[in-house]
Amino acid sequence: MKKLKGIGTGRLSLYLGLLLAAFITMWLIRTCSIPSPFSKAGTKPSGGDTLDVAIDYGPMSLFTYDDTLGGFNYDMIRGMATANGLKVKFHPVTTPGSSIEGLENGLYDIVVSDIAATAEASENVVFTEPVYLDKQVLVQKKDSLGNTEVSSQLDLAGREVWVTSGSPSAMRLRNLSAEIGDTILVKEDPDYGSEQLVMMVAVGDIPLAVVNEKTALRLAGEYPGIDVSTAISFTQFQTWALRKKEMELTDSVNSMIKRYKQTDGYKDLLRRYGI
């Protein structure tokens with residue numbers, strides 16, 4: 001709660017609104033389940049044959065609208081579950097670090113979060129087939145004329161940029177720092193996800209943030225005072241993560257993803273979420 005100290009009434013309302021949305025999401029998730037053929041004993045809190053999915057809270061994964069759950073990843077998993085007779089339980093998370101720890105400890109079977117399929121990350125987890133394409137962009141405020149302080153990656157020299165702890169954005173910014181030959185002050189937030197960081201830029205609590213473009217574009221409609229036009233990375237595959245030792249489950253999930261990507265349901269999701 002340290003970051004809420006001294007904020008104005010408008011900012012407090014934004015934070016409380018986001019917190020309320022998160023509570024509604026977690027309440028709605030308790031009832032989300034569909035039958036499943038996967039059975040694993042003693043490794044997950046659900047027990048039985050339920051497939052546990054850790055999913056981050058944000059526009060591309062999981063959010064609420066009109067007391068209903070939505071999100072590209074959430075809708076895709078539900079569609080796959082229906083098509084394959086699966087039983088799924090969703091667990092909302094805010095940062096990649098906590099979800100990966102839960103994956104390694106057997107609490108989750110699949111993690112849907114901002115984890116790039118890099119060589120370093122692959123030491124601990126195995127990644128699925130690509131689900132969709134995305135890239136990282138800079139989130140910053142713009143003035144009344146639409147101007148911004150940062151117009152290119154070179155302008156990040158000496159600036160403070162916030163990312164979600166454990167996200168691939170931190171690695172990308174450090175590599176970018178070496179590329180431009182100057183220091184970028186990377187701040188990793190252990191508590192807040194991409195949506196919260198965008199909101200904190202919008203209200204002026206932090207100067208800059210880096211999040212995935214699809215998330216940034218959807219949130220830009222809610223916060224018209226921000227600019228998300230500066231790319232930080234090239235286009236990257238967005239995937240889900242599983243434990244390395246669960247190769248049978250990984251093969252099953254990959255097969256389901258490949259089949260689902262050939263369906264009209266998947267094409268409809270791409271159109272609905274602007275991918």
# chains A, B, ... in the order shown; residues from 1 in each chain; ligands from 1
>>> residues_around(residues="Tyr57 of chain A", least_positions_apart="2", cutoff="7 Å", atoms="only C-alpha atoms", output="VMD selection string")
chain A and resid 55 61 to 63 92 to 94
>>> residues_around(residues="Ala220 of chain A", least_positions_apart="4", cutoff="12 Å", atoms="only C-alpha atoms", output="list in words")
Pro59, Leu138, Val139, Gln140, Lys141, Lys142, Glu195, Val198, Met199, Val201, Ala202, Val211, Glu213, Lys214, Thr215, Ala216, Pro224, Gly225, Ile226, Asp227, Val228 and Ser229 of chain A
>>> closest_atom_pairs(of="segment 102-182 of chain A", to="segment 246-263 of chain A", cutoff="10 Å", atoms="only C-alpha atoms", output="JSON lines")
{"residue": "A:Asp109", "atom": "CA", "partner": "A:Leu249", "partner_atom": "CA", "distance": 8.6}
{"residue": "A:Ile110", "atom": "CA", "partner": "A:Thr250", "partner_atom": "CA", "distance": 9.2}
{"residue": "A:Val125", "atom": "CA", "partner": "A:Glu246", "partner_atom": "CA", "distance": 9.7}
{"residue": "A:Val126", "atom": "CA", "partner": "A:Thr250", "partner_atom": "CA", "distance": 7.9}
{"residue": "A:Phe127", "atom": "CA", "partner": "A:Thr250", "partner_atom": "CA", "distance": 8.2}
{"residue": "A:Thr128", "atom": "CA", "partner": "A:Asn254", "partner_atom": "CA", "distance": 5.8}
{"residue": "A:Glu129", "atom": "CA", "partner": "A:Asn254", "partner_atom": "CA", "distance": 5.7}
{"residue": "A:Pro130", "atom": "CA", "partner": "A:Ile257", "partner_atom": "CA", "distance": 8.4}
{"residue": "A:Val131", "atom": "CA", "partner": "A:Ile257", "partner_atom": "CA", "distance": 7.4}
{"residue": "A:Tyr132", "atom": "CA", "partner": "A:Lys261", "partner_atom": "CA", "distance": 9.6}
>>> residues_around(residues="Ile180 of chain A", least_positions_apart="3", cutoff="9 Å", atoms="only C-alpha atoms", output="NGL selection string")
:A and (153-154 or 156-157 or 175-177 or 183)
>>> write_last_selection(atoms="N, CA and C atoms", output="PDB file, in the first residue's frame")
ATOM      1  N   GLN A 153      13.636   4.974 -29.059  1.00  0.00           N
ATOM      2  CA  GLN A 153      14.312   4.201 -28.018  1.00  0.00           C
ATOM      3  C   GLN A 153      15.533   4.935 -27.475  1.00  0.00           C
ATOM      4  N   LEU A 154      16.176   5.739 -28.295  1.00  0.00           N
ATOM      5  CA  LEU A 154      17.355   6.491 -27.847  1.00  0.00           C
ATOM      6  C   LEU A 154      17.017   7.477 -26.729  1.00  0.00           C
ATOM      7  N   LEU A 156      15.337   6.974 -24.213  1.00  0.00           N
ATOM      8  CA  LEU A 156      15.208   6.313 -22.911  1.00  0.00           C
ATOM      9  C   LEU A 156      16.485   6.399 -22.079  1.00  0.00           C
ATOM     10  N   ALA A 157      17.569   6.896 -22.654  1.00  0.00           N
ATOM     11  CA  ALA A 157      18.838   7.014 -21.928  1.00  0.00           C
ATOM     12  C   ALA A 157      18.650   7.840 -20.660  1.00  0.00           C
ATOM     13  N   ASN A 175      18.951  -5.144 -22.438  1.00  0.00           N
ATOM     14  CA  ASN A 175      19.631  -5.317 -23.720  1.00  0.00           C
ATOM     15  C   ASN A 175      19.623  -4.020 -24.516  1.00  0.00           C
ATOM     16  N   LEU A 176      18.504  -3.297 -24.455  1.00  0.00           N
ATOM     17  CA  LEU A 176      18.396  -2.022 -25.154  1.00  0.00           C
ATOM     18  C   LEU A 176      19.367  -1.001 -24.580  1.00  0.00           C
ATOM     19  N   SER A 177      19.558  -1.044 -23.276  1.00  0.00           N
ATOM     20  CA  SER A 177      20.514  -0.152 -22.627  1.00  0.00           C
ATOM     21  C   SER A 177      21.918  -0.355 -23.203  1.00  0.00           C
ATOM     22  N   THR A 183      22.571   4.171 -19.817  1.00  0.00           N
ATOM     23  CA  THR A 183      21.813   3.487 -18.777  1.00  0.00           C
ATOM     24  C   THR A 183      20.321   3.763 -18.878  1.00  0.00           C
TER      25      THR A 183
END
>>> select_by_dssp(residues="segment 14-261 of chain A", states="strand (DSSP E or B)", output="PyMOL selection string")
chain A and resi 51-56+58+62-65+68-70+88-93+110-112+125-127+132-134+136-141+160-164+185-189+209-212+226-231+236-238+241-243
>>> select_by_dssp(residues="segment 120-199 of chain A", states="helix (DSSP H, G or I)", output="number ranges by chain")
A: 121-123, 153-156, 168-180, 194-199
>>> residues_around(residues="Tyr108 of chain A", least_positions_apart="4", cutoff="6 Å", atoms="only C-alpha atoms", output="ChimeraX atom specification")
/A:52-53,102-103
>>> atom_distance(atom1="atom CA of Met200 of chain A", atom2="atom CA of Glu222 of chain A")
12.9 Å
>>> atom_distance(atom1="atom CA of Val111 of chain A", atom2="atom CA of Ala241 of chain A")
5.1 Å
>>> atom_distance(atom1="atom CA of Gly71 of chain A", atom2="atom CA of Gly221 of chain A")
15.8 Å
>>> closest_residue(among="A:Asp75, A:Leu197, A:Leu242, A:Val210", to="Asn105 of chain A", atoms="only C-alpha atoms")
A:Leu242
>>> closest_residue(among="A:Thr239, A:Leu86, A:Ile232, A:Lys267", to="Ser151 of chain A", atoms="only C-alpha atoms")
A:Ile232
